[in-house]
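Enquirer: I'm passing along work-v6.pdb; it holds PDB, C-alpha atoms and all ligand atoms.
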ATOM      1  CA  MET A   1       0.000   0.000   0.000  1.00  0.00           C
ATOM      2  CA  ASN A   2       0.986   3.586  -0.671  1.00  0.00           C
ATOM      3  CA  LYS A   3       2.713   5.426   2.214  1.00  0.00           C
ATOM      4  CA  PHE A   4      -0.161   7.924   2.425  1.00  0.00           C
ATOM      5  CA  ARG A   5      -3.844   6.981   2.235  1.00  0.00           C
ATOM      6  CA  ILE A   6      -6.909   9.208   2.365  1.00  0.00           C
ATOM      7  CA  GLY A   7     -10.383   8.106   3.434  1.00  0.00           C
ATOM      8  CA  HIS A   8     -13.857   9.604   3.506  1.00  0.00           C
ATOM      9  CA  GLY A   9     -16.793   8.898   5.791  1.00  0.00           C
ATOM     10  CA  TYR A  10     -20.421  10.028   6.045  1.00  0.00           C
ATOM     11  CA  ASP A  11     -23.136   9.299   8.585  1.00  0.00           C
ATOM     12  CA  ILE A  12     -26.606  10.502   9.529  1.00  0.00           C
ATOM     13  CA  HIS A  13     -28.966   9.616  12.391  1.00  0.00           C
ATOM     14  CA  ARG A  14     -32.481  10.673  13.323  1.00  0.00           C
ATOM     15  CA  LEU A  15     -33.126  13.054  16.232  1.00  0.00           C
ATOM     16  CA  VAL A  16     -35.725  11.576  18.606  1.00  0.00           C
ATOM     17  CA  PRO A  17     -36.993  12.253  22.138  1.00  0.00           C
ATOM     18  CA  GLY A  18     -35.680  10.203  25.043  1.00  0.00           C
ATOM     19  CA  ARG A  19     -32.134   9.745  23.748  1.00  0.00           C
ATOM     20  CA  ARG A  20     -28.800  11.331  24.713  1.00  0.00           C
ATOM     21  CA  LEU A  21     -27.111  13.584  22.160  1.00  0.00           C
ATOM     22  CA  VAL A  22     -23.475  12.472  21.866  1.00  0.00           C
ATOM     23  CA  LEU A  23     -21.172  14.024  19.262  1.00  0.00           C
ATOM     24  CA  GLY A  24     -17.445  13.351  19.103  1.00  0.00           C
ATOM     25  CA  GLY A  25     -17.665  11.551  22.443  1.00  0.00           C
ATOM     26  CA  VAL A  26     -19.151  14.605  24.164  1.00  0.00           C
ATOM     27  CA  GLU A  27     -22.659  14.565  25.657  1.00  0.00           C
ATOM     28  CA  ILE A  28     -24.492  17.748  24.672  1.00  0.00           C
ATOM     29  CA  PRO A  29     -27.555  19.017  26.569  1.00  0.00           C
ATOM     30  CA  PHE A  30     -30.544  19.025  24.176  1.00  0.00           C
ATOM     31  CA  ASN A  31     -34.207  17.967  24.285  1.00  0.00           C
ATOM     32  CA  LEU A  32     -33.574  15.366  21.539  1.00  0.00           C
ATOM     33  CA  GLY A  33     -30.895  12.745  20.954  1.00  0.00           C
ATOM     34  CA  LEU A  34     -29.693  10.636  18.055  1.00  0.00           C
ATOM     35  CA  ASP A  35     -31.410   7.302  17.527  1.00  0.00           C
ATOM     36  CA  GLY A  36     -29.386   4.167  16.906  1.00  0.00           C
ATOM     37  CA  HIS A  37     -28.100   0.840  18.207  1.00  0.00           C
ATOM     38  CA  SER A  38     -25.001   2.431  19.748  1.00  0.00           C
ATOM     39  CA  ASP A  39     -24.909   5.972  21.148  1.00  0.00           C
ATOM     40  CA  ALA A  40     -25.414   7.048  17.485  1.00  0.00           C
ATOM     41  CA  ASP A  41     -22.490   9.473  17.620  1.00  0.00           C
ATOM     42  CA  VAL A  42     -22.427  10.549  13.945  1.00  0.00           C
ATOM     43  CA  VAL A  43     -19.078  12.299  14.361  1.00  0.00           C
ATOM     44  CA  SER A  44     -17.307   9.173  15.615  1.00  0.00           C
ATOM     45  CA  HIS A  45     -19.115   7.042  13.017  1.00  0.00           C
ATOM     46  CA  ALA A  46     -18.070   9.284  10.101  1.00  0.00           C
ATOM     47  CA  ILE A  47     -14.455   9.277  11.334  1.00  0.00           C
ATOM     48  CA  ILE A  48     -14.469   5.476  11.737  1.00  0.00           C
ATOM     49  CA  ASP A  49     -15.624   5.107   8.124  1.00  0.00           C
ATOM     50  CA  ALA A  50     -12.946   7.557   6.966  1.00  0.00           C
ATOM     51  CA  LEU A  51     -10.207   5.551   8.736  1.00  0.00           C
ATOM     52  CA  LEU A  52     -11.512   2.223   7.414  1.00  0.00           C
ATOM     53  CA  GLY A  53     -11.948   3.692   3.934  1.00  0.00           C
ATOM     54  CA  ALA A  54      -8.356   4.921   3.896  1.00  0.00           C
ATOM     55  CA  VAL A  55      -7.044   1.361   4.239  1.00  0.00           C
ATOM     56  CA  SER A  56      -9.857  -0.248   2.190  1.00  0.00           C
ATOM     57  CA  LEU A  57     -11.151  -2.275   5.129  1.00  0.00           C
ATOM     58  CA  GLY A  58     -14.888  -1.954   4.605  1.00  0.00           C
ATOM     59  CA  ASP A  59     -17.114   0.103   6.875  1.00  0.00           C
ATOM     60  CA  ILE A  60     -18.382   0.485  10.426  1.00  0.00           C
ATOM     61  CA  GLY A  61     -21.294  -1.913   9.868  1.00  0.00           C
ATOM     62  CA  PHE A  62     -18.863  -4.676   8.881  1.00  0.00           C
ATOM     63  CA  HIS A  63     -16.589  -4.284  11.931  1.00  0.00           C
ATOM     64  CA  PHE A  64     -19.241  -3.317  14.513  1.00  0.00           C
ATOM     65  CA  PRO A  65     -22.574  -4.805  13.319  1.00  0.00           C
ATOM     66  CA  ASP A  66     -25.672  -2.962  14.560  1.00  0.00           C
ATOM     67  CA  ASP A  67     -27.450  -6.271  15.234  1.00  0.00           C
ATOM     68  CA  ASP A  68     -24.645  -7.401  17.581  1.00  0.00           C
ATOM     69  CA  PRO A  69     -25.726  -7.070  21.246  1.00  0.00           C
ATOM     70  CA  ALA A  70     -22.090  -6.289  22.103  1.00  0.00           C
ATOM     71  CA  TYR A  71     -22.527  -2.847  20.531  1.00  0.00           C
ATOM     72  CA  LYS A  72     -25.944  -1.991  21.996  1.00  0.00           C
ATOM     73  CA  GLY A  73     -25.557   1.393  23.672  1.00  0.00           C
ATOM     74  CA  ALA A  74     -21.840   1.332  22.831  1.00  0.00           C
ATOM     75  CA  GLU A  75     -19.787   4.482  23.317  1.00  0.00           C
ATOM     76  CA  SER A  76     -18.770   5.143  19.721  1.00  0.00           C
ATOM     77  CA  ILE A  77     -15.636   7.007  20.783  1.00  0.00           C
ATOM     78  CA  GLU A  78     -14.472   3.613  22.128  1.00  0.00           C
ATOM     79  CA  LEU A  79     -15.220   2.068  18.718  1.00  0.00           C
ATOM     80  CA  LEU A  80     -13.012   4.794  17.222  1.00  0.00           C
ATOM     81  CA  LYS A  81     -10.209   3.628  19.521  1.00  0.00           C
ATOM     82  CA  LYS A  82     -10.743   0.066  18.283  1.00  0.00           C
ATOM     83  CA  THR A  83     -10.674   1.311  14.693  1.00  0.00           C
ATOM     84  CA  ARG A  84      -7.342   2.999  15.347  1.00  0.00           C
ATOM     85  CA  ALA A  85      -6.053  -0.441  16.421  1.00  0.00           C
ATOM     86  CA  ILE A  86      -7.517  -2.037  13.268  1.00  0.00           C
ATOM     87  CA  VAL A  87      -5.667   0.384  10.972  1.00  0.00           C
ATOM     88  CA  GLY A  88      -2.612   0.008  13.237  1.00  0.00           C
ATOM     89  CA  GLU A  89      -2.554  -3.700  12.424  1.00  0.00           C
ATOM     90  CA  LYS A  90      -2.104  -2.631   8.793  1.00  0.00           C
ATOM     91  CA  SER A  91       0.891  -0.518   9.963  1.00  0.00           C
ATOM     92  CA  PHE A  92      -0.992   2.750   9.475  1.00  0.00           C
ATOM     93  CA  ALA A  93      -1.277   5.668  11.886  1.00  0.00           C
ATOM     94  CA  VAL A  94      -3.622   8.645  11.705  1.00  0.00           C
ATOM     95  CA  GLY A  95      -2.121  11.876  10.376  1.00  0.00           C
ATOM     96  CA  ASN A  96      -5.034  14.280  10.631  1.00  0.00           C
ATOM     97  CA  ILE A  97      -8.826  14.244  10.659  1.00  0.00           C
ATOM     98  CA  ASP A  98     -11.268  16.838   9.354  1.00  0.00           C
ATOM     99  CA  VAL A  99     -14.990  16.726  10.177  1.00  0.00           C
ATOM    100  CA  THR A 100     -18.019  18.766   9.157  1.00  0.00           C
ATOM    101  CA  ILE A 101     -21.156  18.368  11.259  1.00  0.00           C
ATOM    102  CA  ILE A 102     -24.476  19.466   9.755  1.00  0.00           C
ATOM    103  CA  ALA A 103     -27.041  20.272  12.443  1.00  0.00           C
ATOM    104  CA  GLU A 104     -29.784  22.883  12.576  1.00  0.00           C
ATOM    105  CA  ASN A 105     -29.811  22.751  16.393  1.00  0.00           C
ATOM    106  CA  PRO A 106     -28.367  22.886  19.015  1.00  0.00           C
ATOM    107  CA  LYS A 107     -25.518  25.359  18.634  1.00  0.00           C
ATOM    108  CA  LEU A 108     -22.352  23.249  18.781  1.00  0.00           C
ATOM    109  CA  ALA A 109     -19.653  25.923  19.036  1.00  0.00           C
ATOM    110  CA  PRO A 110     -19.312  25.613  22.850  1.00  0.00           C
ATOM    111  CA  TYR A 111     -18.533  21.883  22.550  1.00  0.00           C
ATOM    112  CA  ILE A 112     -16.140  21.802  19.581  1.00  0.00           C
ATOM    113  CA  LYS A 113     -12.957  22.113  21.650  1.00  0.00           C
ATOM    114  CA  GLU A 114     -13.901  19.209  23.930  1.00  0.00           C
ATOM    115  CA  MET A 115     -14.930  17.088  20.920  1.00  0.00           C
ATOM    116  CA  LYS A 116     -11.532  17.710  19.311  1.00  0.00           C
ATOM    117  CA  CYS A 117      -9.777  16.572  22.501  1.00  0.00           C
ATOM    118  CA  ARG A 118     -11.877  13.384  22.784  1.00  0.00           C
ATOM    119  CA  VAL A 119     -11.418  12.506  19.100  1.00  0.00           C
ATOM    120  CA  ALA A 120      -7.681  13.260  19.220  1.00  0.00           C
ATOM    121  CA  GLU A 121      -7.201  11.018  22.258  1.00  0.00           C
ATOM    122  CA  ALA A 122      -9.122   8.163  20.621  1.00  0.00           C
ATOM    123  CA  ALA A 123      -7.239   8.513  17.330  1.00  0.00           C
ATOM    124  CA  GLY A 124      -3.830   8.824  18.988  1.00  0.00           C
ATOM    125  CA  ILE A 125      -3.065  12.294  17.638  1.00  0.00           C
ATOM    126  CA  SER A 126      -2.893  15.783  19.099  1.00  0.00           C
ATOM    127  CA  PRO A 127      -5.977  18.053  19.186  1.00  0.00           C
ATOM    128  CA  GLY A 128      -4.199  20.300  16.667  1.00  0.00           C
ATOM    129  CA  ASP A 129      -4.480  17.475  14.135  1.00  0.00           C
ATOM    130  CA  VAL A 130      -8.263  17.284  14.507  1.00  0.00           C
ATOM    131  CA  SER A 131     -10.568  19.792  12.836  1.00  0.00           C
ATOM    132  CA  ILE A 132     -14.273  19.804  13.675  1.00  0.00           C
ATOM    133  CA  LYS A 133     -16.577  22.308  12.034  1.00  0.00           C
ATOM    134  CA  ALA A 134     -20.312  22.719  12.464  1.00  0.00           C
ATOM    135  CA  THR A 135     -22.733  24.238  10.009  1.00  0.00           C
ATOM    136  CA  THR A 136     -26.500  24.272   9.464  1.00  0.00           C
ATOM    137  CA  ASN A 137     -28.441  23.219   6.374  1.00  0.00           C
ATOM    138  CA  GLU A 138     -29.974  26.709   6.085  1.00  0.00           C
ATOM    139  CA  LYS A 139     -33.358  25.262   7.167  1.00  0.00           C
ATOM    140  CA  MET A 140     -33.554  23.199   3.941  1.00  0.00           C
ATOM    141  CA  GLY A 141     -34.459  19.502   3.734  1.00  0.00           C
ATOM    142  CA  THR A 142     -34.569  16.897   6.488  1.00  0.00           C
ATOM    143  CA  ILE A 143     -31.624  18.265   8.457  1.00  0.00           C
ATOM    144  CA  GLY A 144     -32.929  21.789   8.006  1.00  0.00           C
ATOM    145  CA  ARG A 145     -36.201  20.693   9.620  1.00  0.00           C
ATOM    146  CA  GLY A 146     -34.239  19.339  12.564  1.00  0.00           C
ATOM    147  CA  GLU A 147     -35.085  15.689  11.854  1.00  0.00           C
ATOM    148  CA  GLY A 148     -31.496  14.516  12.131  1.00  0.00           C
ATOM    149  CA  ILE A 149     -27.806  15.339  12.314  1.00  0.00           C
ATOM    150  CA  ALA A 150     -25.203  14.342   9.709  1.00  0.00           C
ATOM    151  CA  ALA A 151     -21.419  14.362   9.626  1.00  0.00           C
ATOM    152  CA  PHE A 152     -18.770  14.113   6.931  1.00  0.00           C
ATOM    153  CA  SER A 153     -15.142  13.272   7.619  1.00  0.00           C
ATOM    154  CA  VAL A 154     -11.892  12.883   5.759  1.00  0.00           C
ATOM    155  CA  ALA A 155      -8.771  11.394   7.322  1.00  0.00           C
ATOM    156  CA  LEU A 156      -5.180  11.044   6.179  1.00  0.00           C
ATOM    157  CA  LEU A 157      -3.298   7.939   7.275  1.00  0.00           C
ATOM    158  CA  TYR A 158       0.424   7.260   6.897  1.00  0.00           C
ATOM    159  CA  LYS A 159       2.557   4.136   7.084  1.00  0.00           C
TER     160      LYS A 159
HETATM  161 ZN    ZN B 201     -23.982   5.930  12.632  1.00  0.00          ZN
END
Kindly return the structure encoded in the file as structure tokens.
Expert:
Amino acid sequence: MNKFRIGHGYDIHRLVPGRRLVLGGVEIPFNLGLDGHSDADVVSHAIIDALLGAVSLGDIGFHFPDDDPAYKGAESIELLKKTRAIVGEKSFAVGNIDVTIIAENPKLAPYIKEMKCRVAEAAGISPGDVSIKATTNEKMGTIGRGEGIAAFSVALLYK
């Protein structure tokens, strides 16, 4: 494999009542949370897919199946740590990670710094090598109506 590999990941989950909102391993106070088998942390999920994509090792559903009781309620930031080990077995380490979160609400700016620290720790890099940006969908479409939150990520890995 090439010395440098780039990967891309995308994820989206529905916002529903009675669930915690966890993004980038950080619990954010909000009246709705993301629905899913695990904690439905779209930020961690998008990053996991970016890391796996970089080394052509499938996707999150292959490594952490959502019908496996082992991952029910799982902290996805812990799955990111496991993914770092998976790419490590292929002799790859994470260089940097860039994430864009698309959410109409809540305002995420106060939590970005903590998210970067949690993601950096899980990925084995410094917070300066993690970028997390949040934007809205300008009130358009499903995300614009507040029905869910999505995240995109790209990651560079090196041998
Ligand atoms: Zn997901």
Enquirer: Residues of chain A that have any atom at most 6 Å from an atom of ligand ZN 201 (chain B): could you tabulate them with the shortest-distance atom pair and the distance in Å to one decimal, using all atoms listed in the file, ordered by chain and increasing number, as a tab-separated table?
Expert:
residue	atom	partner	partner_atom	distance
A:Asp11	CA	B:ZN201	ZN	5.3
A:Ala40	CA	B:ZN201	ZN	5.2
A:Val42	CA	B:ZN201	ZN	5.0
A:His45	CA	B:ZN201	ZN	5.0
Enquirer: Show me as a list in words the residues that reach within 10 Å of (-6.4, 5.5, 17.6), counting all atoms listed in the file and using the file's own coordinates.
Expert: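 The residues near that point, listed by chain and number, are Ile48, Leu51, Ile77, Glu78, Leu79, Leu80, Lys81, Lys82, Thr83, Arg84, Ala85, Ile86, Val87, Gly88, Ala93, Val94, Val119, Ala120, Glu121, Ala122, Ala123, Gly124 and Ile125 of chain A.
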Enquirer: Within 9 Å of stretch 2-9 of chain A, counting all atoms listed in the file, which residues show up once you throw out same-chain ones fewer than 4 positions away? Write them as a list in words, please.
Expert: His45, Ala46, Ile47, Ile48, Asp49, Ala50, Leu51, Leu52, Gly53, Ala54, Val55, Ser56, Asp59, Phe92, Ala151, Phe152, Ser153, Val154, Ala155, Leu156, Leu157, Tyr158 and Lys159 of chain A
Enquirer: In Å, how far is it from atom CA of A:Pro29 to atom CA of A:Ser131?
Expert: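 Straight-line distance from atom CA of A:Pro29 to atom CA of A:Ser131 works out to 21.9 Å.
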Enquirer: State, in Å with one decimal place, the distance from atom CA of A:Gly144 to atom CA of A:Leu23.
Expert: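 Between atom CA of A:Gly144 and atom CA of A:Leu23 the gap is 18.0 Å.
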Enquirer: Which is closest to A:Pro65 among A:Ser38, A:Leu21, A:Glu138, A:Val16, if we use all atoms listed in the file?
Expert: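 Among A:Ser38, A:Leu21, A:Glu138, A:Val16, it is A:Ser38 that comes nearest to A:Pro65.
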Enquirer: Generate the coordinates of all heavy atoms for stretch 61-72 of chain A; report them as an mmCIF file, in the coordinates of the input.
Expert:
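Ended up saving to selection01.cif:
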data_model
loop_
_atom_site.group_PDB
_atom_site.id
_atom_site.type_symbol
_atom_site.label_atom_id
_atom_site.label_comp_id
_atom_site.auth_asym_id
_atom_site.auth_seq_id
_atom_site.Cartn_x
_atom_site.Cartn_y
_atom_site.Cartn_z
ATOM 1 N N GLY A 61 -20.307 -0.847 9.722
ATOM 2 C CA GLY A 61 -21.294 -1.913 9.868
ATOM 3 C C GLY A 61 -20.671 -3.305 9.774
ATOM 4 O O GLY A 61 -21.157 -4.262 10.377
ATOM 5 N N PHE A 62 -19.565 -3.404 9.024
ATOM 6 C CA PHE A 62 -18.863 -4.676 8.881
ATOM 7 C C PHE A 62 -18.105 -5.021 10.170
ATOM 8 O O PHE A 62 -18.144 -6.156 10.641
ATOM 9 C CB PHE A 62 -17.896 -4.612 7.694
ATOM 10 C CG PHE A 62 -17.032 -5.833 7.543
ATOM 11 C CD1 PHE A 62 -17.547 -7.004 6.988
ATOM 12 C CD2 PHE A 62 -15.708 -5.815 7.973
ATOM 13 C CE1 PHE A 62 -16.744 -8.138 6.863
ATOM 14 C CE2 PHE A 62 -14.899 -6.945 7.852
ATOM 15 C CZ PHE A 62 -15.423 -8.104 7.303
ATOM 16 N N HIS A 63 -17.433 -4.030 10.752
ATOM 17 C CA HIS A 63 -16.589 -4.284 11.931
ATOM 18 C C HIS A 63 -17.379 -4.269 13.243
ATOM 19 O O HIS A 63 -17.017 -4.958 14.195
ATOM 20 C CB HIS A 63 -15.451 -3.261 11.993
ATOM 21 C CG HIS A 63 -14.458 -3.420 10.883
ATOM 22 N ND1 HIS A 63 -13.385 -4.274 10.971
ATOM 23 C CD2 HIS A 63 -14.408 -2.868 9.647
ATOM 24 C CE1 HIS A 63 -12.700 -4.226 9.838
ATOM 25 N NE2 HIS A 63 -13.303 -3.386 9.023
ATOM 26 N N PHE A 64 -18.450 -3.445 13.290
ATOM 27 C CA PHE A 64 -19.241 -3.317 14.513
ATOM 28 C C PHE A 64 -20.729 -3.425 14.151
ATOM 29 O O PHE A 64 -21.441 -2.419 14.149
ATOM 30 C CB PHE A 64 -18.948 -1.971 15.199
ATOM 31 C CG PHE A 64 -17.477 -1.661 15.349
ATOM 32 C CD1 PHE A 64 -16.874 -0.688 14.553
ATOM 33 C CD2 PHE A 64 -16.691 -2.335 16.276
ATOM 34 C CE1 PHE A 64 -15.517 -0.393 14.680
ATOM 35 C CE2 PHE A 64 -15.333 -2.062 16.408
ATOM 36 C CZ PHE A 64 -14.747 -1.088 15.610
ATOM 37 N N PRO A 65 -21.203 -4.644 13.841
ATOM 38 C CA PRO A 65 -22.574 -4.805 13.319
ATOM 39 C C PRO A 65 -23.645 -4.260 14.277
ATOM 40 O O PRO A 65 -23.532 -4.441 15.497
ATOM 41 C CB PRO A 65 -22.713 -6.329 13.187
ATOM 42 C CG PRO A 65 -21.331 -6.874 13.201
ATOM 43 C CD PRO A 65 -20.503 -5.923 14.001
ATOM 44 N N ASP A 66 -24.654 -3.576 13.701
ATOM 45 C CA ASP A 66 -25.672 -2.962 14.560
ATOM 46 C C ASP A 66 -26.747 -3.958 15.006
ATOM 47 O O ASP A 66 -27.719 -3.571 15.654
ATOM 48 C CB ASP A 66 -26.283 -1.709 13.910
ATOM 49 C CG ASP A 66 -27.077 -2.023 12.667
ATOM 50 O OD1 ASP A 66 -27.242 -3.215 12.341
ATOM 51 O OD2 ASP A 66 -27.537 -1.065 12.019
ATOM 52 N N ASP A 67 -26.557 -5.254 14.657
ATOM 53 C CA ASP A 67 -27.450 -6.271 15.234
ATOM 54 C C ASP A 67 -26.684 -7.122 16.263
ATOM 55 O O ASP A 67 -27.192 -8.127 16.747
ATOM 56 C CB ASP A 67 -28.063 -7.154 14.144
ATOM 57 C CG ASP A 67 -27.011 -7.822 13.264
ATOM 58 O OD1 ASP A 67 -25.799 -7.601 13.495
ATOM 59 O OD2 ASP A 67 -27.401 -8.559 12.341
ATOM 60 N N ASP A 68 -25.462 -6.690 16.592
ATOM 61 C CA ASP A 68 -24.645 -7.401 17.581
ATOM 62 C C ASP A 68 -24.905 -6.784 18.964
ATOM 63 O O ASP A 68 -24.653 -5.600 19.171
ATOM 64 C CB ASP A 68 -23.164 -7.257 17.206
ATOM 65 C CG ASP A 68 -22.265 -8.092 18.108
ATOM 66 O OD1 ASP A 68 -22.674 -8.381 19.260
ATOM 67 O OD2 ASP A 68 -21.158 -8.442 17.664
ATOM 68 N N PRO A 69 -25.429 -7.600 19.907
ATOM 69 C CA PRO A 69 -25.726 -7.070 21.246
ATOM 70 C C PRO A 69 -24.513 -6.429 21.919
ATOM 71 O O PRO A 69 -24.668 -5.568 22.782
ATOM 72 C CB PRO A 69 -26.171 -8.317 22.029
ATOM 73 C CG PRO A 69 -26.466 -9.363 21.023
ATOM 74 C CD PRO A 69 -25.710 -9.030 19.777
ATOM 75 N N ALA A 70 -23.315 -6.840 21.501
ATOM 76 C CA ALA A 70 -22.090 -6.289 22.103
ATOM 77 C C ALA A 70 -22.007 -4.781 21.910
ATOM 78 O O ALA A 70 -21.366 -4.081 22.695
ATOM 79 C CB ALA A 70 -20.865 -6.957 21.499
ATOM 80 N N TYR A 71 -22.650 -4.268 20.832
ATOM 81 C CA TYR A 71 -22.527 -2.847 20.531
ATOM 82 C C TYR A 71 -23.780 -2.055 20.887
ATOM 83 O O TYR A 71 -23.901 -0.891 20.542
ATOM 84 C CB TYR A 71 -22.141 -2.649 19.056
ATOM 85 C CG TYR A 71 -20.864 -3.369 18.731
ATOM 86 C CD1 TYR A 71 -20.831 -4.416 17.824
ATOM 87 C CD2 TYR A 71 -19.685 -3.032 19.399
ATOM 88 C CE1 TYR A 71 -19.658 -5.097 17.567
ATOM 89 C CE2 TYR A 71 -18.507 -3.713 19.153
ATOM 90 C CZ TYR A 71 -18.500 -4.750 18.236
ATOM 91 O OH TYR A 71 -17.341 -5.431 17.996
ATOM 92 N N LYS A 72 -24.734 -2.709 21.579
ATOM 93 C CA LYS A 72 -25.944 -1.991 21.996
ATOM 94 C C LYS A 72 -25.554 -0.942 23.041
ATOM 95 O O LYS A 72 -24.944 -1.265 24.052
ATOM 96 C CB LYS A 72 -26.981 -2.956 22.555
ATOM 97 C CG LYS A 72 -28.284 -2.251 22.911
ATOM 98 C CD LYS A 72 -29.431 -3.248 23.034
ATOM 99 C CE LYS A 72 -30.679 -2.588 23.590
ATOM 100 N NZ LYS A 72 -31.115 -1.436 22.780
#
